[in-house]
Protein chains: 4
Amino acid sequence: MQVGILGASGFVGGELLRLLLLHPNTEVTIATSRQYERDYVHRIHANLRGFTDLQFSSPDIDQILKQCEFVFTAVPHGSALKVMPTLVNSGIKVVDMSADYRLRNAKDYEKWYGYTHPHPDLLEKFTLGIPELRKDEIKNSDQVSAPGCMAVTSILGLAPLAHSGIVEKRAIIDAKVGSSGAGTKPSLATLHAERYGVIRPYQPVGHRHTAEIEQELSAYSPEFEISLSAHAVNIVRGILCTSYLTLNRDYSVQDIWKVFRSFYDGQPFIRFIRDRKGVYRYPDPKILVGSNFCDIGFDVDRDRRHLVVLSATDNLVKGAAGIAIQSMNLMMNYEETMGLMLPPIHPV
Amino acid sequence: MQVGILGASGFVGGELLRLLLLHPNTEVTIATSRQYERDYVHRIHANLRGFTDLQFSSPDIDQILKQCEFVFTAVPHGSALKVMPTLVNSGIKVVDMSADYRLRNAKDYEKWYGYTHPHPDLLEKFTLGIPELRKDEIKNSDQVSAPGCMAVTSILGLAPLAHSGIVEKRAIIDAKVGSSGAGTKPSLATLHAERYGVIRPYQPVGHRHTAEIEQELSAYSPEFEISLSAHAVNIVRGILCTSYLTLNRDYSVQDIWKVFRSFYDGQPFIRFIRDRKGVYRYPDPKILVGSNFCDIGFDVDRDRRHLVVLSATDNLVKGAAGIAIQSMNLMMNYEETMGLMLPPIHPV
Amino acid sequence: MQVGILGASGFVGGELLRLLLLHPNTEVTIATSRQYERDYVHRIHANLRGFTDLQFSSPDIDQILKQCEFVFTAVPHGSALKVMPTLVNSGIKVVDMSADYRLRNAKDYEKWYGYTHPHPDLLEKFTLGIPELRKDEIKNSDQVSAPGCMAVTSILGLAPLAHSGIVEKRAIIDAKVGSSGAGTKPSLATLHAERYGVIRPYQPVGHRHTAEIEQELSAYSPEFEISLSAHAVNIVRGILCTSYLTLNRDYSVQDIWKVFRSFYDGQPFIRFIRDRKGVYRYPDPKILVGSNFCDIGFDVDRDRRHLVVLSATDNLVKGAAGIAIQSMNLMMNYEETMGLMLPPIHPV
Amino acid sequence: MQVGILGASGFVGGELLRLLLLHPNTEVTIATSRQYERDYVHRIHANLRGFTDLQFSSPDIDQILKQCEFVFTAVPHGSALKVMPTLVNSGIKVVDMSADYRLRNAKDYEKWYGYTHPHPDLLEKFTLGIPELRKDEIKNSDQVSAPGCMAVTSILGLAPLAHSGIVEKRAIIDAKVGSSGAGTKPSLATLHAERYGVIRPYQPVGHRHTAEIEQELSAYSPEFEISLSAHAVNIVRGILCTSYLTLNRDYSVQDIWKVFRSFYDGQPFIRFIRDRKGVYRYPDPKILVGSNFCDIGFDVDRDRRHLVVLSATDNLVKGAAGIAIQSMNLMMNYEETMGLMLPPIHPV
């Protein structure tokens with residue numbers, strides 16, 4: 001299948017290119033970038049040198065519709081809005097990596113993103129692309145919106161609990177994220193000398209991913225409320241979300257295990273990490289590099305009914321390109337794991 | 001004044017040596033280490049080469065009492081127990097860096113440390129060495145116990161709130177710490193190749209510092225309760241504690257500012273960090289390297305009465321050697337800031 | 001094909017396991033470790049959780065010979081000596097990852113490793129496993145010795161020049177290496193807090209890899225001499241070798257290009273990196289993570305006939321497990337690239 | 001003494017501010033920055049919060065001349081040219097941190113910097129500010145030019161050898177540098193996600209510091225020739241230069257020691273690092289953080305008369321702000337070490 005990537009010069013674009021090279025059924029034939037038009041893809045994504053002779057092209061929707069059966073839109077937030085009506089009307093299958101079609105309620109865009117959504121009617125056509133939660137919907141969708149990286153990492157840790165009803169309807173999420181999540185735009189804040197070695201709170205309250213997370217969790221438990229704080233830490237790739245909840249009565253470790261295991265039964269990309277020995281006794285993005293897994297673990301202070309859930313991903317794979325390809329597989333009726341069952345690289 | 005350091009080969013010992021070199025009134029004349037007996041101090045603390053010709057000596061309390069007016073005990077937890085009765089009886093002034101005399105209630109040692117404290121009567125002689133909270137007590141003490149690094153960082157962020165009564169009596173503390181806090185003992189978990197690049201939850205519930213933190217906060221607000229989760233991140237030096245609290249009614253940012261400012265009025269080592277512009281808008285250990293400050297900031301989601309407090313320190317200075325010297329200054333009637341008013345090094 | 005790994009708990013063992021999981025023709029059925037006997041492989045190689053239920057077993061040569069057609073020996077230097085006679089006599093195909101069979105001249109073991117080689121007669125049976133240089137020999141060998149990571153990285157950069165005769169017969173090699181090359185044994189030198197942030201010269205002269213490098217280069221240019229200095233830098237995975245040579249007359253960039261291109265014509269795992277634009281204008285292990293490539297580049301100061309060659313690898317793949325599997329492919333008559341054509345992961 | 005800093009918003013400016021705060025005889029009263037005019041200095045140099053209420057001002061030479069006795073020019077290369085005639089004519093003492101007055105021969109600016117120097121007559125007024133080499137000259141100068149960070153680190157390692165005549169007149173210098181040396185200008189190359197984890201050759205031949213290095217070494221040994229290659233490594237602060245030389249006959253370690261020790265006898269900021277035990281057996285910028293030392297060590301392969309010299313500095317201190325203040329001390333007849341005898345911080 002010929003695939004196009006709109007906005008292919010960023011980190012998410014690069015990761016889509018890397019993963020689609022490993023996918024047996026896809027060939028990327030169009031990768032767009034205004035800034036790098038006519039440059040070789042491997043000049044920007046230098047890791048791909050030797051794997052592709054593709055050149056960036058200027059975005060041209062007609063060309064994509066003519067040539068491709070599937071398109072990923074990895075353009076900045078706000079830019080997807082401009083091309084989406086054409087793409088949707090054409091009937092081409094699309095996974096949008098931006099935030100522009102993640103929320104179902106147009107008013108939420110006013111609240112969280114500060115703009116009036118220009119195509120509120122398109123919002124309901126999109127399915128949020130978390131295959132572990134919406135497999136059948138995604139299979140039947142032509143339009144999928146990939147979730148934010150912090151959102152998917154949090155949601156996968158919390159959905160089983162929201163669904164089970166064993167917790168109070170509120171979670172505090174403390175997210176720690178690597179620098180690749182901030183994209184490729186240089187600034188003083190992302191300069192190596194300033195960004196290296198930080199533990200930098202960058203959004204203690206009011207993070208936009210709040211909207212997605214509450215939207216999804218409320219599907220299991222109406223009006224489930226979260227408070228999200230994000231911190232930049234000194235790695236490039238990876239997210240850990242530590243979520244704090246209150247059990248609504250005294251549940252044992254076994255009870256909680258049961259909730260997680262039954263909820264994710266048969267899901268190929270969920271791993272449970274909880275060991276008494278060894279170095280990696282809880283989820284840690286260190287052991288997820290390059291892979292499409294979400295690792296989940298927890299611990300509990302029964303005296304205080306205090307539950308700590310740990311969920312980790314590689315933000316560019318399960319948090320972006322990998323989960324998008326997982327959705328693509330479902331939308332195309334390929335095997336869900338096709339091209340994605342890659343063991344993480346360790347140690348890096 | 002001649003000073004001895006019992007247990008001087010670890011990171012805390014090294015930092016005491018570095019800072020006492022800069023102190024106008026002290027000279028370290030004894031630095032003990034069984035392992036490195038007779039080795040030059042600068043072979044282990046290689047940064048100090050050229051600053052001292054001191055050699056490690058085997059611990060010899062008599063020699064210390066004969067030669068020194070002041071002693072820091074930086075031995076491992078459990079080891080301070082053995083020497084403390086002699087030191088206390090001798091009347092020498094001491095700051096203990098271990099956990100052995102931090103808790104006032106002997107029963108807490110059974111609960112949190114798993115041993116029966118051999119000298120419960122000595123516990124009440126010690127003052128917890130947080131000068132911002134117990135200045136007068138420390139001045140009048142001959143025995144001070146320096147707090148744990150996560151404890152002091154959390155407590156300084158939370159004490160004004162516990163004191164003010166504007167929050168509910170419960171905090172969730174998410175701590176992120178550098179590797180120097182784990183000490184100098186090699187293991188697979190601390191091997192560079194395994195420890196580099198992690199966001200590793202290492203104690204989601206049940207951390208021992210819980211006892212100290214609750215003890216201190218309860219002095220302001222009885223039965224104040226905390227839940228502490230600790231994470232190892234990819235830096236060597238520094239701690240950030242993100243604490244989550246619930247305001248007991250709708251307070252404004254100004255109200256909360258007032259609580260912090262009035263509580264810490266005139267404290268030389270507290271800085272408030274809360275800016276709208278620039279890279280460092282909240283506390284971050286990156287801008288604290290080598291210094292004795294605790295940086296404090298906060299943000300609030302008024303709709304949910306959700307308060308996020310951020311407190312950061314250099315774990316080896318304000319979290320260990322620096323705060324201990326600050327206590328020494330008070331105990332010796334020196335100026336509180338003597339030898340400690342060092343600007344942080346940036347960028348590192 | 002069933003494969004055994006003798007000594008599977010280290011980083012090289014883990015990387016063999018990861019890569020063989022991706023190989024269509026192999027199944028690892030035995031992975032030995034005395035230390036972790038009966039532990040699940042994924043407890044130590046936590047990245048592999050979900051990919052294998054293999055448990056470590058105590059080394060048992062009979063069992064390997066009965067069950068496996070191919071064996072990798074990834075035991076410490078010196079330990080391969082003990083098992084090799086049995087393995088060689090049995091006729092099983094083997095790639096040895098240790099240094100024990102890399103040198104052809106038994107006397108070199110006395111000089112560089114300080115021991116008398118117990119089976120000098122076995123040395124000639126082994127081929128040094130650098131497929132770019134010894135493809136036919138490897139195809140016809142049952143015993144291959146994988147080169148050291150610094151050795152292979154240097155040799156691949158220098159062999160075309162030694163072969164061409166355009167340089168004087170001497171190179172100075174300045175190697176910069178990540179911490180995974182030092183193995184899994186904890187020590188103060190490899191403790192995160194001590195190893196992080198270093199640029200640490202650890203063997204300015206006399207490095208053992210000198211012997212392998214001179215042996216291989218002398219095959220092209222007798223008595224080619226090198227001086228190797230190794231430095232530890234603050235990454236986990238990767239090696240860069242900067243080699244300094246003197247051109248024996250004034251050659252242009254095009255002349256030198258021609259030497260490299262003709263020498264490596266058709267080699268699937270050599271990439272040339274030399275660009276005028278972009279961030280990655282020379283080889284850098286950053287763009288090689290997880291891959292089996294050796295990236296090569298150079299620059300020249302014609303006035304001084306000074307040639308700088310840059311060669312980079314992922315030390316655990318092209319420097320260890322990947323090159324060993326590449327040899328296995330040749331020894332088994334599989335396609336050389338089978339299971340190895342993986343794009344590097346970027347950014348990490 | 002009132003001091004001005006022209007161009008105070010970069011890393012060198014920040015480090016000058018930090019160190020001058022610790023200096024007993026100086027007060028910085030003017031710190032200029034066009035970009036941040038009227039912003040508080042501590043908004044950009046966030047580490048200095050609490051230490052200064054200075055605000056950046058627009059550059060105004062008259063104001064500086066009226067108010068200050070001493071000025072540091074830390075503006076970008078090329079910009080110092082514009083202000084220097086006025087400063088020199090005024091008679092104010094100045095240390096220039098740019099490259100604009102480092103070379104004595106105006107033609108070298110054409111060759112290495114690509115411009116015709118507008119004030120070749122001023123060049124001879126400047127002394128290159130390496131106090132270990134030109135103490136008396138600096139004492140008698142009103143204009144000093146601080147050397148480049150790689151230059152000073154190399155030169156201090158090589159000058160004793162050039163002076164002694166025990167080596168051939170050629171050195172190959174392999175420099176490894178942290179990101180702070182690249183300044184504060186954001187770009188894709190310095191973005192954390194792209195700059196983190198690299199071993200990136202960025203100037204294998206033709207580095208501009210070559211000119212300074214050859215100029216200084218030729219003062220000891222005419223026509224001494226060097227080839228410099230620079231590599232970016234994954235730290236922020238620090239430089240290691242590994243220099244390769246050929247002994248002109250078989251000298252012992254003791255012979256070489258003697259050369260170094262006699263050359264640097266009594267120099268307060270030179271440390272020799274060469275130990276058989278311990279983690280830090282050679283120079284490593286890890287143990288120099290925040291300090292004004294240059295650490296020097298070496299090793300020798302006598303069979304090949306191959307000498308490896310290792311020299312390390314903190315590039316922002318001994319490589320920039322510290323060495324400039326050391327020159328200021330000499331120019332002002334203060335004690336050479338005043339305000340600079342700070343032990344390095346370890347571990348960071």
# chains A, B, ... in the order shown; residues from 1 in each chain; ligands from 1
$ closest_atom_pairs --of "chain B" --to "chain A" --cutoff "6 Å" --atoms "only C-alpha atoms" --output "Markdown table"
| residue | atom | partner | partner_atom | distance |
| --- | --- | --- | --- | --- |
| B:Ala189 | CA | A:Val279 | CA | 5.3 |
| B:Gly197 | CA | A:Ile235 | CA | 5.6 |
| B:Val198 | CA | A:Lys286 | CA | 5.1 |
| B:Ile199 | CA | A:Asp284 | CA | 5.6 |
| B:Arg200 | CA | A:Asp284 | CA | 5.3 |
| B:Asn234 | CA | A:Asn234 | CA | 5.6 |
| B:Ile235 | CA | A:Gly197 | CA | 5.5 |
| B:Val279 | CA | A:Ala189 | CA | 5.3 |
| B:Asp284 | CA | A:Arg200 | CA | 5.3 |
| B:Lys286 | CA | A:Val198 | CA | 5.1 |
$ residues_around --residues "Glu137 in chain B" --least-positions-apart "6" --cutoff "10 Å" --atoms "only C-alpha atoms" --output "list in words"
Phe126, Thr127, Leu128, Gly129, Ile130, Pro131, Val144, Leu330 and Met331 of chain B
$ residues_around --residues "Tyr334 in chain A" --least-positions-apart "6" --cutoff "12 Å" --atoms "only C-alpha atoms" --output "PyMOL selection string"
chain A and resi 1+23-26+139+325-328+340
$ atom_distance --atom1 "CA of Lys258 in chain D" --atom2 "CA of Leu161 in chain D"
10.6 Å
$ select_by_dssp --residues "range 117-295 of chain B" --states "strand (DSSP E or B)" --output "PyMOL selection string"
chain B and resi 127-128+143-145+167-177+191+199-203+225-233+239-247+270-272+294-295
$ residues_around --residues "Tyr40 in chain A" --least-positions-apart "2" --cutoff "7 Å" --atoms "only C-alpha atoms" --output "PyMOL selection string"
chain A and resi 38+42-43+53-56
$ residues_around --residues "Gly183 in chain B" --least-positions-apart "4" --cutoff "10 Å" --atoms "only C-alpha atoms" --output "VMD selection string"
(chain B and resid 10 to 12 76 179 190) or (chain C and resid 191 193)
$ write_last_selection --atoms "N, CA and C atoms" --output "PDB file, in the first residue's frame"
ATOM      1  N   GLY B  10      32.231   9.039  51.513  1.00  0.00           N
ATOM      2  CA  GLY B  10      31.044   9.038  50.648  1.00  0.00           C
ATOM      3  C   GLY B  10      30.803  10.407  50.027  1.00  0.00           C
ATOM      4  N   PHE B  11      29.713  10.522  49.310  1.00  0.00           N
ATOM      5  CA  PHE B  11      29.434  11.796  48.643  1.00  0.00           C
ATOM      6  C   PHE B  11      29.144  12.907  49.651  1.00  0.00           C
ATOM      7  N   VAL B  12      28.449  12.578  50.737  1.00  0.00           N
ATOM      8  CA  VAL B  12      28.160  13.596  51.746  1.00  0.00           C
ATOM      9  C   VAL B  12      29.446  14.023  52.435  1.00  0.00           C
ATOM     10  N   PRO B  76      26.985   5.291  57.535  1.00  0.00           N
ATOM     11  CA  PRO B  76      25.715   4.719  57.065  1.00  0.00           C
ATOM     12  C   PRO B  76      24.679   4.614  58.189  1.00  0.00           C
ATOM     13  N   SER B 179      21.285  10.631  41.079  1.00  0.00           N
ATOM     14  CA  SER B 179      21.908   9.392  41.534  1.00  0.00           C
ATOM     15  C   SER B 179      22.837   9.570  42.723  1.00  0.00           C
ATOM     16  N   THR B 190      22.749   0.763  39.991  1.00  0.00           N
ATOM     17  CA  THR B 190      23.389   2.081  39.904  1.00  0.00           C
ATOM     18  C   THR B 190      24.487   2.130  38.847  1.00  0.00           C
TER      19      THR B 190
ATOM     20  N   LEU C 191      29.859   3.468  38.466  1.00  0.00           N
ATOM     21  CA  LEU C 191      28.704   3.997  39.187  1.00  0.00           C
ATOM     22  C   LEU C 191      28.159   5.218  38.448  1.00  0.00           C
ATOM     23  N   ALA C 193      26.840   7.988  39.324  1.00  0.00           N
ATOM     24  CA  ALA C 193      27.263   9.303  39.818  1.00  0.00           C
ATOM     25  C   ALA C 193      28.718   9.610  39.478  1.00  0.00           C
TER      26      ALA C 193
END
$ closest_residue --among "C:Lys135, C:Ile30, C:Arg208, C:Lys66" --to "Asp100 in chain C" --atoms "only C-alpha atoms"
C:Arg208
$ atom_distance --atom1 "CA of Met97 in chain C" --atom2 "CA of Ala162 in chain C"
25.4 Å
$ residues_around --residues "range 108-123 of chain B" --least-positions-apart "5" --cutoff "9 Å" --atoms "only C-alpha atoms" --output "VMD selection string"
chain B and resid 81 84 to 85 88 100 to 103 206 to 211
$ write_last_selection --atoms "all heavy atoms" --output "mmCIF file, in the first residue's frame"
data_model
loop_
_atom_site.group_PDB
_atom_site.id
_atom_site.type_symbol
_atom_site.label_atom_id
_atom_site.label_comp_id
_atom_site.auth_asym_id
_atom_site.auth_seq_id
_atom_site.Cartn_x
_atom_site.Cartn_y
_atom_site.Cartn_z
ATOM 1 N N LEU B 81 24.543 4.844 65.474
ATOM 2 C CA LEU B 81 24.072 4.359 66.780
ATOM 3 C C LEU B 81 25.232 3.961 67.694
ATOM 4 O O LEU B 81 25.174 4.158 68.908
ATOM 5 C CB LEU B 81 23.170 3.128 66.585
ATOM 6 C CG LEU B 81 21.853 3.356 65.854
ATOM 7 C CD1 LEU B 81 21.185 2.013 65.564
ATOM 8 C CD2 LEU B 81 20.940 4.249 66.681
ATOM 9 N N MET B 84 27.290 7.226 68.982
ATOM 10 C CA MET B 84 26.631 8.428 69.482
ATOM 11 C C MET B 84 26.652 8.559 71.011
ATOM 12 O O MET B 84 26.886 9.670 71.512
ATOM 13 C CB MET B 84 25.201 8.510 68.941
ATOM 14 C CG MET B 84 24.669 9.908 68.815
ATOM 15 S SD MET B 84 25.794 11.043 67.935
ATOM 16 C CE MET B 84 25.426 10.629 66.235
ATOM 17 N N PRO B 85 26.428 7.485 71.762
ATOM 18 C CA PRO B 85 26.443 7.684 73.227
ATOM 19 C C PRO B 85 27.757 8.299 73.697
ATOM 20 O O PRO B 85 27.749 9.252 74.483
ATOM 21 C CB PRO B 85 26.247 6.264 73.764
ATOM 22 C CG PRO B 85 25.489 5.556 72.674
ATOM 23 C CD PRO B 85 26.024 6.121 71.393
ATOM 24 N N VAL B 88 27.835 11.993 72.616
ATOM 25 C CA VAL B 88 26.910 12.831 73.379
ATOM 26 C C VAL B 88 27.427 13.023 74.801
ATOM 27 O O VAL B 88 27.432 14.144 75.338
ATOM 28 C CB VAL B 88 25.498 12.214 73.380
ATOM 29 C CG1 VAL B 88 24.583 12.963 74.340
ATOM 30 C CG2 VAL B 88 24.912 12.226 71.965
ATOM 31 N N ASP B 100 19.663 7.897 62.057
ATOM 32 C CA ASP B 100 19.523 7.222 63.354
ATOM 33 C C ASP B 100 18.952 8.076 64.478
ATOM 34 O O ASP B 100 18.468 7.536 65.478
ATOM 35 C CB ASP B 100 20.889 6.656 63.789
ATOM 36 C CG ASP B 100 21.377 5.548 62.866
ATOM 37 O OD1 ASP B 100 20.604 5.096 62.004
ATOM 38 O OD2 ASP B 100 22.545 5.124 63.011
ATOM 39 N N TYR B 101 19.006 9.380 64.317
ATOM 40 C CA TYR B 101 18.466 10.229 65.388
ATOM 41 C C TYR B 101 17.482 11.268 64.864
ATOM 42 O O TYR B 101 17.296 12.311 65.473
ATOM 43 C CB TYR B 101 19.619 10.866 66.183
ATOM 44 C CG TYR B 101 20.409 9.833 66.917
ATOM 45 C CD1 TYR B 101 21.490 9.195 66.305
ATOM 46 C CD2 TYR B 101 20.027 9.411 68.195
ATOM 47 C CE1 TYR B 101 22.184 8.181 66.957
ATOM 48 C CE2 TYR B 101 20.716 8.405 68.855
ATOM 49 C CZ TYR B 101 21.784 7.798 68.230
ATOM 50 O OH TYR B 101 22.449 6.792 68.882
ATOM 51 N N ARG B 102 16.872 10.964 63.743
ATOM 52 C CA ARG B 102 15.936 11.935 63.171
ATOM 53 C C ARG B 102 14.543 11.866 63.776
ATOM 54 O O ARG B 102 13.827 12.862 63.791
ATOM 55 C CB ARG B 102 15.801 11.690 61.657
ATOM 56 C CG ARG B 102 17.010 12.133 60.861
ATOM 57 C CD ARG B 102 16.796 11.841 59.388
ATOM 58 N NE ARG B 102 18.048 12.030 58.667
ATOM 59 C CZ ARG B 102 18.346 11.440 57.517
ATOM 60 N NH1 ARG B 102 17.459 10.618 56.953
ATOM 61 N NH2 ARG B 102 19.487 11.661 56.937
ATOM 62 N N LEU B 103 14.165 10.681 64.189
ATOM 63 C CA LEU B 103 12.786 10.518 64.658
ATOM 64 C C LEU B 103 12.755 10.636 66.182
ATOM 65 O O LEU B 103 13.650 10.148 66.875
ATOM 66 C CB LEU B 103 12.249 9.160 64.202
ATOM 67 C CG LEU B 103 12.333 8.925 62.682
ATOM 68 C CD1 LEU B 103 11.787 7.551 62.321
ATOM 69 C CD2 LEU B 103 11.576 10.012 61.928
ATOM 70 N N GLY B 206 5.596 3.688 50.916
ATOM 71 C CA GLY B 206 6.358 3.164 52.045
ATOM 72 C C GLY B 206 7.779 3.680 52.194
ATOM 73 O O GLY B 206 8.598 3.062 52.885
ATOM 74 N N HIS B 207 8.091 4.837 51.595
ATOM 75 C CA HIS B 207 9.453 5.358 51.734
ATOM 76 C C HIS B 207 9.694 5.838 53.166
ATOM 77 O O HIS B 207 8.852 6.487 53.765
ATOM 78 C CB HIS B 207 9.670 6.512 50.749
ATOM 79 C CG HIS B 207 11.105 6.864 50.568
ATOM 80 N ND1 HIS B 207 11.842 7.509 51.523
ATOM 81 C CD2 HIS B 207 11.949 6.621 49.540
ATOM 82 C CE1 HIS B 207 13.080 7.672 51.089
ATOM 83 N NE2 HIS B 207 13.176 7.140 49.891
ATOM 84 N N ARG B 208 10.901 5.539 53.665
ATOM 85 C CA ARG B 208 11.213 5.852 55.067
ATOM 86 C C ARG B 208 11.182 7.336 55.399
ATOM 87 O O ARG B 208 10.939 7.699 56.552
ATOM 88 C CB ARG B 208 12.611 5.315 55.393
ATOM 89 C CG ARG B 208 12.618 3.815 55.484
ATOM 90 C CD ARG B 208 14.043 3.289 55.421
ATOM 91 N NE ARG B 208 14.077 1.888 55.799
ATOM 92 C CZ ARG B 208 15.204 1.191 55.964
ATOM 93 N NH1 ARG B 208 16.364 1.788 55.808
ATOM 94 N NH2 ARG B 208 15.174 -0.079 56.299
ATOM 95 N N HIS B 209 11.467 8.171 54.430
ATOM 96 C CA HIS B 209 11.428 9.599 54.721
ATOM 97 C C HIS B 209 10.023 10.069 55.104
ATOM 98 O O HIS B 209 9.864 11.160 55.656
ATOM 99 C CB HIS B 209 11.968 10.413 53.540
ATOM 100 C CG HIS B 209 13.455 10.354 53.389
ATOM 101 N ND1 HIS B 209 14.149 11.099 52.459
ATOM 102 C CD2 HIS B 209 14.400 9.639 54.060
ATOM 103 C CE1 HIS B 209 15.450 10.835 52.553
ATOM 104 N NE2 HIS B 209 15.623 9.953 53.504
ATOM 105 N N THR B 210 9.029 9.256 54.800
ATOM 106 C CA THR B 210 7.661 9.585 55.206
ATOM 107 C C THR B 210 7.597 9.943 56.694
ATOM 108 O O THR B 210 6.936 10.912 57.087
ATOM 109 C CB THR B 210 6.728 8.379 54.941
ATOM 110 O OG1 THR B 210 6.824 8.029 53.561
ATOM 111 C CG2 THR B 210 5.289 8.704 55.293
ATOM 112 N N ALA B 211 8.306 9.168 57.501
ATOM 113 C CA ALA B 211 8.239 9.366 58.956
ATOM 114 C C ALA B 211 8.726 10.756 59.355
ATOM 115 O O ALA B 211 8.087 11.465 60.140
ATOM 116 C CB ALA B 211 9.074 8.290 59.651
#
$ select_by_dssp --residues "range 110-295 of chain D" --states "alpha helix (DSSP H)" --output "number ranges by chain"
D: 120-123, 131-139, 149-164, 192-195, 209-220, 253-263
$ atom_distance --atom1 "CA of Ala146 in chain B" --atom2 "CA of Glu335 in chain B"
18.6 Å
$ decode --residues "range 147-151 of chain C" --atoms "all heavy atoms" --output "PDB file, in the first residue's frame"
ATOM      1  N   PRO C 147      35.362  -9.677  16.598  1.00  0.00           N
ATOM      2  CA  PRO C 147      36.389  -8.723  17.026  1.00  0.00           C
ATOM      3  C   PRO C 147      35.900  -7.860  18.191  1.00  0.00           C
ATOM      4  O   PRO C 147      34.701  -7.749  18.445  1.00  0.00           O
ATOM      5  CB  PRO C 147      36.595  -7.866  15.782  1.00  0.00           C
ATOM      6  CG  PRO C 147      35.287  -7.911  15.078  1.00  0.00           C
ATOM      7  CD  PRO C 147      34.707  -9.278  15.349  1.00  0.00           C
ATOM      8  N   GLY C 148      36.822  -7.224  18.863  1.00  0.00           N
ATOM      9  CA  GLY C 148      36.466  -6.249  19.889  1.00  0.00           C
ATOM     10  C   GLY C 148      35.776  -5.049  19.273  1.00  0.00           C
ATOM     11  O   GLY C 148      35.969  -4.749  18.087  1.00  0.00           O
ATOM     12  N   CYS C 149      34.975  -4.341  20.070  1.00  0.00           N
ATOM     13  CA  CYS C 149      34.148  -3.272  19.512  1.00  0.00           C
ATOM     14  C   CYS C 149      35.000  -2.096  19.016  1.00  0.00           C
ATOM     15  O   CYS C 149      34.741  -1.538  17.947  1.00  0.00           O
ATOM     16  CB  CYS C 149      33.109  -2.811  20.522  1.00  0.00           C
ATOM     17  SG  CYS C 149      33.771  -2.302  22.108  1.00  0.00           S
ATOM     18  N   MET C 150      36.033  -1.737  19.776  1.00  0.00           N
ATOM     19  CA  MET C 150      36.891  -0.652  19.281  1.00  0.00           C
ATOM     20  C   MET C 150      37.693  -1.119  18.083  1.00  0.00           C
ATOM     21  O   MET C 150      37.971  -0.352  17.161  1.00  0.00           O
ATOM     22  CB  MET C 150      37.845  -0.197  20.380  1.00  0.00           C
ATOM     23  CG  MET C 150      37.281   0.956  21.159  1.00  0.00           C
ATOM     24  SD  MET C 150      38.445   1.542  22.396  1.00  0.00           S
ATOM     25  CE  MET C 150      38.192   0.298  23.650  1.00  0.00           C
ATOM     26  N   ALA C 151      38.073  -2.395  18.107  1.00  0.00           N
ATOM     27  CA  ALA C 151      38.866  -2.932  17.008  1.00  0.00           C
ATOM     28  C   ALA C 151      38.079  -2.881  15.712  1.00  0.00           C
ATOM     29  O   ALA C 151      38.555  -2.359  14.699  1.00  0.00           O
ATOM     30  CB  ALA C 151      39.286  -4.368  17.328  1.00  0.00           C
TER      31      ALA C 151
END
